[in-house]
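Report on one structure; see the data block that follows.
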Amino acid sequence: MAHITAQSSWSDVDHHLSKKALPLVTVVVGGPTSAQEVTVVTAAKDADEPRRVDFALTGDGSSLPPGLPRWANYVKGVIQHYR
């Protein structure tokens with residue numbers, strides 16, 4: 001298990017990205033697998049529904065499309081960065 005303290009986040013304000021500091025903690029739990037399925041869960045009470053998101057990674061490394069709930073888009077971006 002990895003414990004990562006989030007120092008900042010990006011938010012979309014009128015289609016412009018702005019950086020803002022957030023006092024949040026992100027905990028990542030995972031392990032090696034050959035599966036291409038990802039499940040992301042948030043415990044944040046104020047997060048948009050649903051609080052659990054399942055999506056598949058593409059084998060060709062193409063970008064993960066943003067969507068709803070919006071909180072999961074940051075996680076998708078981090079996953080895409082490390083693919």
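The way I read the labels, and the way they are meant: chains A, B, ... in the order of the structure tokens, residue 1 as the first residue of every chain, and ligand 1 as the first ligand shown, with later ones counted on from there.
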Query raised in the report: Near A:Thr39, within 8 Å and counting only C-alpha atoms, which residues show up once chain neighbours fewer than 2 positions away are dropped, as a ChimeraX atom specification?
Result: /A:37,41,52-55
Query raised in the report: Contacts of A:Leu68 at 9 Å or less, counting only C-alpha atoms, minus same-chain residues fewer than 5 places along, as a ChimeraX atom specification?
Result: /A:48-50,73
Report task. Counting only C-alpha atoms, figure out which residue out of A:Gln36, A:Thr42, A:Thr26, A:Thr58 gets nearest to A:Trp71. Result -> A:Thr42
Query - Selected residue of minimal separation from A:Ser63 among A:Ala35, A:Ala44, A:Val28, A:Ile79, counting only C-alpha atoms - result: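 For A:Ser63, the nearest of the given residues is A:Ile79.
When only C-alpha atoms are used to measure the gap to A:Ala72, the shortest distance among A:Val27, A:Pro32, A:Arg51, A:Lys45 belongs to A:Arg51.
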